[in-house]
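Here's target_38.csv, which has CSV, C-alpha atoms:
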chain,number,residue,atom,x,y,z
A,1,MET,CA,119.9,-4.9,43.9
A,2,ALA,CA,121.3,-8.4,43.6
A,3,SER,CA,125.1,-8.6,43.6
A,4,SER,CA,126.9,-10.4,40.9
A,5,ILE,CA,130.1,-12.4,41.1
A,6,VAL,CA,132.9,-11.3,38.7
A,7,LEU,CA,135.9,-13.6,38.3
A,8,PRO,CA,139.1,-12.8,36.5
A,9,VAL,CA,139.6,-14.8,33.2
A,10,SER,CA,142.8,-16.3,34.6
A,11,ALA,CA,141.0,-17.5,37.7
A,12,ILE,CA,138.4,-19.2,35.5
A,13,HIS,CA,141.0,-21.0,33.4
A,14,HIS,CA,142.9,-22.3,36.4
A,15,ARG,CA,140.0,-23.5,38.6
A,16,HIS,CA,138.5,-27.0,38.5
A,17,PRO,CA,135.1,-27.2,36.7
A,18,SER,CA,133.5,-28.3,40.0
A,19,GLN,CA,134.6,-24.9,41.6
A,20,LEU,CA,133.1,-22.8,38.8
A,21,PRO,CA,129.7,-21.2,39.1
A,22,SER,CA,127.1,-23.0,37.0
A,23,ALA,CA,126.9,-20.0,34.7
A,24,CYS,CA,130.6,-20.5,33.8
A,25,LEU,CA,130.3,-24.2,32.9
A,26,PRO,CA,130.4,-25.0,29.1
A,27,THR,CA,127.1,-26.0,27.7
A,28,GLN,CA,126.9,-29.7,26.7
A,29,ARG,CA,126.0,-30.5,23.1
A,30,TRP,CA,122.8,-32.4,22.5
A,31,GLN,CA,123.6,-36.0,21.4
A,32,PRO,CA,121.0,-37.9,19.4
A,33,VAL,CA,119.8,-41.2,20.9
A,34,GLN,CA,121.2,-44.2,19.1
A,35,ARG,CA,118.3,-46.5,18.4
A,36,HIS,CA,119.2,-50.1,17.5
A,37,ALA,CA,117.0,-52.3,15.4
A,38,THR,CA,115.1,-54.9,17.3
A,39,PRO,CA,115.0,-58.5,16.2
A,40,ALA,CA,111.4,-57.9,15.0
A,41,ALA,CA,112.8,-55.6,12.4
A,42,TYR,CA,114.5,-58.5,10.6
A,43,PRO,CA,112.5,-61.1,8.6
A,44,PRO,CA,112.5,-64.6,10.1
A,45,PRO,CA,114.6,-67.2,8.3
A,46,PRO,CA,112.9,-69.2,5.7
A,47,PRO,CA,111.6,-72.6,6.7
A,48,PRO,CA,113.8,-75.6,5.8
A,49,ARG,CA,113.1,-77.4,2.5
A,50,THR,CA,112.2,-81.1,2.9
A,51,ILE,CA,113.5,-83.6,0.3
A,52,ARG,CA,112.9,-87.4,0.0
A,53,VAL,CA,116.0,-89.5,0.2
A,54,ARG,CA,116.3,-93.2,-0.7
A,55,TRP,CA,119.0,-95.7,-1.4
A,56,THR,CA,119.5,-96.4,-5.1
A,57,PRO,CA,120.8,-99.8,-6.3
A,58,PRO,CA,123.8,-100.2,-8.6
A,59,ARG,CA,123.4,-100.9,-12.3
A,60,THR,CA,122.9,-104.5,-13.4
A,61,GLY,CA,126.1,-106.5,-13.1
A,62,TRP,CA,127.6,-104.1,-10.5
A,63,TYR,CA,127.8,-104.1,-6.7
A,64,LYS,CA,127.6,-101.2,-4.3
A,65,LEU,CA,129.5,-100.8,-1.1
A,66,ASN,CA,127.9,-98.5,1.5
A,67,PHE,CA,130.2,-97.7,4.4
A,68,ASP,CA,129.9,-95.7,7.6
A,69,GLY,CA,131.7,-94.9,10.9
A,70,SER,CA,130.4,-94.1,14.4
A,71,VAL,CA,132.1,-92.4,17.3
A,72,LEU,CA,130.5,-92.2,20.7
A,73,HIS,CA,131.2,-89.1,22.9
A,74,ASP,CA,129.8,-90.6,26.1
A,75,GLY,CA,133.1,-91.1,27.8
A,76,SER,CA,133.2,-94.8,26.8
A,77,GLY,CA,135.9,-94.3,24.2
A,78,ARG,CA,134.0,-96.5,21.8
A,79,ALA,CA,133.9,-96.3,18.0
A,80,SER,CA,132.7,-98.7,15.2
A,81,ILE,CA,132.7,-99.2,11.5
A,82,GLY,CA,130.1,-100.9,9.3
A,83,GLY,CA,129.3,-101.6,5.7
A,84,ALA,CA,127.4,-103.7,3.3
A,85,ILE,CA,128.0,-104.8,-0.3
A,86,ARG,CA,124.8,-105.3,-2.3
A,87,ASP,CA,123.8,-106.3,-5.8
A,88,SER,CA,121.5,-104.6,-8.3
A,89,ALA,CA,118.5,-106.2,-6.6
A,90,GLY,CA,119.5,-104.8,-3.2
A,91,ARG,CA,120.5,-108.2,-1.8
A,92,VAL,CA,123.3,-108.3,0.7
A,93,ALA,CA,126.4,-110.1,-0.7
A,94,ALA,CA,128.6,-109.3,2.3
A,95,ALA,CA,128.4,-107.1,5.4
A,96,PHE,CA,130.6,-106.2,8.4
A,97,ALA,CA,130.1,-104.6,11.8
A,98,GLU,CA,133.2,-104.1,13.9
A,99,ARG,CA,134.6,-102.0,16.7
A,100,THR,CA,137.6,-99.8,16.2
A,101,PRO,CA,139.8,-97.7,18.4
A,102,HIS,CA,138.4,-94.2,19.2
A,103,ALA,CA,139.5,-91.5,16.8
A,104,PRO,CA,138.0,-88.5,15.0
A,105,ILE,CA,135.1,-89.3,12.8
A,106,GLY,CA,136.9,-88.6,9.6
A,107,VAL,CA,139.6,-91.2,10.5
A,108,VAL,CA,136.9,-93.8,11.5
A,109,GLU,CA,135.0,-93.2,8.2
A,110,ALA,CA,138.3,-93.9,6.3
A,111,ARG,CA,138.7,-97.2,8.3
A,112,ALA,CA,135.2,-98.2,7.3
A,113,LEU,CA,136.0,-97.6,3.7
A,114,ILE,CA,139.3,-99.6,3.8
A,115,ARG,CA,137.5,-102.5,5.6
A,116,GLY,CA,134.8,-102.5,3.1
A,117,LEU,CA,137.2,-102.6,0.1
A,118,ARG,CA,139.2,-105.4,1.6
A,119,LEU,CA,136.0,-107.4,2.2
A,120,ALA,CA,134.9,-106.8,-1.4
A,121,GLU,CA,138.3,-108.0,-2.6
A,122,ASP,CA,138.2,-111.1,-0.4
A,123,GLY,CA,134.7,-111.9,-1.5
A,124,GLY,CA,135.6,-111.6,-5.2
A,125,PHE,CA,133.5,-108.5,-5.8
A,126,ILE,CA,136.3,-106.8,-7.7
A,127,HIS,CA,134.9,-106.5,-11.2
A,128,ARG,CA,132.5,-103.6,-10.9
A,129,LEU,CA,132.0,-101.8,-7.6
A,130,VAL,CA,130.3,-98.5,-6.7
A,131,VAL,CA,131.6,-97.0,-3.4
A,132,GLU,CA,129.1,-94.8,-1.6
A,133,GLY,CA,129.2,-93.0,1.8
A,134,ASP,CA,127.9,-90.0,3.7
A,135,ASP,CA,131.3,-88.5,4.4
A,136,LEU,CA,131.3,-85.7,1.8
A,137,THR,CA,134.9,-84.7,2.6
A,138,LEU,CA,136.2,-88.2,2.0
A,139,VAL,CA,134.1,-88.7,-1.2
A,140,ARG,CA,135.3,-85.5,-2.7
A,141,LEU,CA,138.9,-86.3,-1.9
A,142,LEU,CA,138.7,-89.7,-3.6
A,143,ARG,CA,137.0,-88.2,-6.6
A,144,GLY,CA,139.8,-85.6,-7.0
A,145,GLU,CA,137.3,-82.8,-6.4
A,146,SER,CA,139.0,-81.4,-3.3
A,147,ARG,CA,142.3,-81.7,-1.5
A,148,GLN,CA,140.7,-81.0,1.9
A,149,THR,CA,141.1,-84.0,4.0
A,150,ARG,CA,140.7,-85.3,7.6
A,151,ILE,CA,143.0,-88.3,7.1
A,152,SER,CA,146.7,-88.8,6.9
A,153,ARG,CA,148.6,-89.1,3.6
A,154,ASP,CA,149.4,-92.7,4.4
A,155,VAL,CA,145.7,-93.6,4.9
A,156,GLU,CA,144.8,-91.9,1.6
A,157,GLU,CA,147.4,-93.8,-0.3
A,158,ASP,CA,146.2,-97.1,1.2
A,159,ILE,CA,142.7,-96.3,0.0
A,160,LEU,CA,143.8,-95.4,-3.5
A,161,GLU,CA,146.0,-98.5,-3.7
A,162,LEU,CA,143.0,-100.7,-2.8
A,163,LEU,CA,140.8,-98.9,-5.3
A,164,GLY,CA,143.4,-99.6,-8.0
A,165,ARG,CA,143.1,-103.4,-7.5
A,166,PHE,CA,139.5,-103.7,-8.8
A,167,ARG,CA,139.5,-105.0,-12.3
A,168,GLY,CA,136.8,-103.5,-14.6
A,169,GLY,CA,136.6,-100.3,-12.6
A,170,CYS,CA,135.8,-99.0,-9.2
A,171,GLU,CA,133.5,-96.0,-9.2
A,172,VAL,CA,133.4,-93.6,-6.2
A,173,HIS,CA,129.8,-92.5,-6.3
A,174,GLN,CA,128.4,-89.2,-5.4
A,175,HIS,CA,127.9,-88.4,-1.7
A,176,VAL,CA,124.7,-89.9,-0.2
A,177,TYR,CA,122.8,-88.3,2.6
A,178,ARG,CA,122.7,-90.2,5.9
A,179,GLU,CA,119.0,-91.1,5.2
A,180,GLY,CA,120.3,-93.1,2.2
A,181,ASN,CA,123.0,-94.8,4.2
A,182,ARG,CA,120.8,-96.4,6.8
A,183,VAL,CA,122.0,-100.0,6.4
A,184,ALA,CA,125.7,-99.0,7.0
A,185,ASP,CA,124.6,-96.9,9.9
A,186,ALA,CA,122.6,-99.8,11.4
A,187,LEU,CA,125.7,-102.0,11.1
A,188,CYS,CA,127.8,-99.5,13.0
A,189,HIS,CA,125.3,-99.7,15.9
A,190,GLU,CA,125.2,-103.5,15.6
A,191,ALA,CA,129.0,-103.5,16.2
A,192,TYR,CA,128.4,-102.3,19.8
A,193,ARG,CA,126.1,-105.2,20.5
A,194,CYS,CA,127.3,-108.1,18.4
A,195,PRO,CA,130.1,-107.4,15.9
A,196,GLY,CA,130.7,-109.8,13.0
A,197,VAL,CA,130.9,-110.4,9.3
A,198,TRP,CA,128.0,-111.8,7.3
A,199,ILE,CA,128.0,-113.4,3.8
A,200,ASP,CA,125.2,-114.0,1.4
A,201,ARG,CA,122.1,-112.2,2.7
A,202,THR,CA,122.4,-113.3,6.3
A,203,VAL,CA,122.5,-110.2,8.5
A,204,PRO,CA,121.0,-109.3,12.0
A,205,PHE,CA,117.3,-108.6,12.0
A,206,ARG,CA,117.7,-104.9,12.9
A,207,VAL,CA,119.9,-104.5,9.8
A,208,TYR,CA,117.7,-106.8,7.7
A,209,GLU,CA,114.7,-104.4,8.2
A,210,LYS,CA,116.7,-101.5,6.8
A,211,VAL,CA,117.8,-103.7,3.8
A,212,GLU,CA,114.2,-104.5,3.0
A,213,ASP,CA,113.2,-100.9,3.2
A,214,ASP,CA,116.0,-100.1,0.7
A,215,ARG,CA,115.0,-103.0,-1.6
A,216,HIS,CA,111.4,-101.6,-1.7
A,217,GLY,CA,112.4,-98.1,-2.4
A,218,VAL,CA,111.3,-96.6,0.9
A,219,ALA,CA,112.1,-92.9,1.1
A,220,HIS,CA,112.9,-90.8,4.1
A,221,ASP,CA,112.5,-87.1,4.8
A,222,ARG,CA,115.5,-84.8,5.2
A,223,ALA,CA,115.3,-81.1,6.0
A,224,LEU,CA,117.7,-78.8,4.1
A,225,LEU,CA,118.3,-75.3,5.3
A,226,ARG,CA,117.6,-72.7,2.7
A,227,VAL,CA,120.4,-70.2,1.8

Could you write out this structure as structure tokens?
Amino acid sequence: MASSIVLPVSAIHHRHPSQLPSACLPTQRWQPVQRHATPAAYPPPPPPRTIRVRWTPPRTGWYKLNFDGSVLHDGSGRASIGGAIRDSAGRVAAAFAERTPHAPIGVVEARALIRGLRLAEDGGFIHRLVVEGDDLTLVRLLRGESRQTRISRDVEEDILELLGRFRGGCEVHQHVYREGNRVADALCHEAYRCPGVWIDRTVPFRVYEKVEDDRHGVAHDRALLRV
């Protein structure tokens, strides 16, 4: 007959589990396996929606200032501003393309707006002016729709003081997508090659091409993410 091992209860309680016979070890509880959903279990995001964007001219008797800023992150420390003032037929009344000290893009955009407003004032386009840019944060700030800002209070006051000089009104237009601001963008890039100020329709050829596209109502695709 096989012999059995009998241990006192006290001996069992005071011995390390590794020293206990297998029959004395507590039985482990069964744990269900946690299964995580795989990416295939989630539906793919909807495809982006494509819209057509074009520059729109101001009303008859008005001028429109489009402005933009550019900051290069290639280690060169370069930044630039550009803008164009156009009439209701899309013709350039004045334009500028200038380099500016490197700074965050919100600050550079504000410099472009200030430069454009001063050019409009110097050129006598102070009766009816529409201001349009692709910096949504700046446009909302100037329209009083938001207090969120990327510029200092002093710069904001400079802009508001300039806007107040325009007789007959100065309208800050709704935000325009980058595709509708191609002339100002081209002027920013021109500033890296050949900065300057141009009056009465005379602009560099690379900018002129964008001006003519706008005059003829050329639209450009923009993909918008669905939410």

Practice prompt. Tell me, in Å to one decimal, how far CA of Gly180 in chain A is from CA of His220 in chain A.
Written response: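 Computed distance, CA of Gly180 in chain A to CA of His220 in chain A, equals 8.0 Å.
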
Quick one: distance from CA of Thr202 in chain A to CA of Arg91 in chain A in Å, one decimal?
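CA of Arg91 in chain A lies 9.8 Å from CA of Thr202 in chain A.
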
Contacts of Gly144 in chain A at 12 Å (only C-alpha atoms; same-chain gap of 5+ positions) as a PyMOL selection string:
chain A and resi 137-139+149+156+160+172

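The residue set within 6 Å of Ala93 in chain A, counting only C-alpha atoms and dropping same-chain residues fewer than 3 places from it, reads Ile85, Arg86, Ile199, Asp200 and Arg201 of chain A.
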
Output for the residues just chosen: C-alpha atoms as a PDB file, keeping the file's coordinate frame:
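Wrote again-v4.pdb, looks like this:
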ATOM      1  CA  ILE A  85     128.000-104.800  -0.300  1.00  0.00           C
ATOM      2  CA  ARG A  86     124.800-105.300  -2.300  1.00  0.00           C
ATOM      3  CA  ILE A 199     128.000-113.400   3.800  1.00  0.00           C
ATOM      4  CA  ASP A 200     125.200-114.000   1.400  1.00  0.00           C
ATOM      5  CA  ARG A 201     122.100-112.200   2.700  1.00  0.00           C
TER       6      ARG A 201
END

For Arg206 in chain A, the closest of A:Ala223, A:Leu187, A:Arg54, A:His73 counting only C-alpha atoms is A:Leu187

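Distances here use all atoms listed in the file; by that measure, the residue among A:Glu157, A:Glu179, A:Glu209, A:Glu190 closest to Ser70 in chain A is A:Glu190.
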
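Between CA of Ile159 in chain A and CA of Trp198 in chain A the interatomic distance comes to 22.6 Å.
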
* **range 117-120 of chain A surroundings by all atoms listed in the file, 10 Å radius, close-in-sequence under 6 positions cut, as a list in words** =>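 Once the adjacent positions are removed, what remains is Tyr63, Lys64, Leu65, Phe67, Gly83, Ala84, Ile85, Ala93, Ala94, Ala95, Phe96, Arg111, Ile126, His127, Leu129, Val131, Ile159, Leu162, Leu163, Arg165, Phe166 and Val197 of chain A.
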
Just to be explicit: take each residue in the selection above, keep C-alpha atoms, and write the result as a compact mmCIF listing (two decimals), in the frame of the given file.
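Final output, saved to out.txt:
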# COMPACT_ATOMS: atom_id res chain seq x y z
CA TYR A 63 127.80 -104.10 -6.70
CA LYS A 64 127.60 -101.20 -4.30
CA LEU A 65 129.50 -100.80 -1.10
CA PHE A 67 130.20 -97.70 4.40
CA GLY A 83 129.30 -101.60 5.70
CA ALA A 84 127.40 -103.70 3.30
CA ILE A 85 128.00 -104.80 -0.30
CA ALA A 93 126.40 -110.10 -0.70
CA ALA A 94 128.60 -109.30 2.30
CA ALA A 95 128.40 -107.10 5.40
CA PHE A 96 130.60 -106.20 8.40
CA ARG A 111 138.70 -97.20 8.30
CA ILE A 126 136.30 -106.80 -7.70
CA HIS A 127 134.90 -106.50 -11.20
CA LEU A 129 132.00 -101.80 -7.60
CA VAL A 131 131.60 -97.00 -3.40
CA ILE A 159 142.70 -96.30 0.00
CA LEU A 162 143.00 -100.70 -2.80
CA LEU A 163 140.80 -98.90 -5.30
CA ARG A 165 143.10 -103.40 -7.50
CA PHE A 166 139.50 -103.70 -8.80
CA VAL A 197 130.90 -110.40 9.30

(request) For Cys188 in chain A, please output as a list in words all residues within 7 Å (counting only C-alpha atoms; exclusion window: fewer than 6 positions along the same chain). (result)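 Using only C-alpha atoms, the neighbours found are Asp68, Gly69, Ser70, Ser80, Ile81, Gly82 and Ala97 of chain A.
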
Set the distance at 7 Å and use all atoms listed in the file: which residues neighbour range 98-103 of chain A once local chain neighbours fewer than 5 positions away are removed? I'd like the list as a PyMOL selection string.
chain A and resi 71+77-82+108+191-192+195-196

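The closest residue to Glu161 in chain A, picked from A:Asp122, A:Arg182, A:Leu142, A:Val176 and counting all atoms listed in the file, is A:Leu142.
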
Across A:Arg150, A:Phe125, A:Asn66, A:Ile114, the smallest distance to His173 in chain A, with only C-alpha atoms counted, is shown by A:Asn66

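A cut-off of 9 Å from the point (114.4, -95.7, 2.7), with all atoms listed in the file, picks out the residues Arg52, Val53, Arg54, Trp55, Glu179, Gly180, Asn181, Arg182, Lys210, Val211, Glu212, Asp213, Asp214, Arg215, His216, Gly217, Val218, Ala219 and His220 of chain A.
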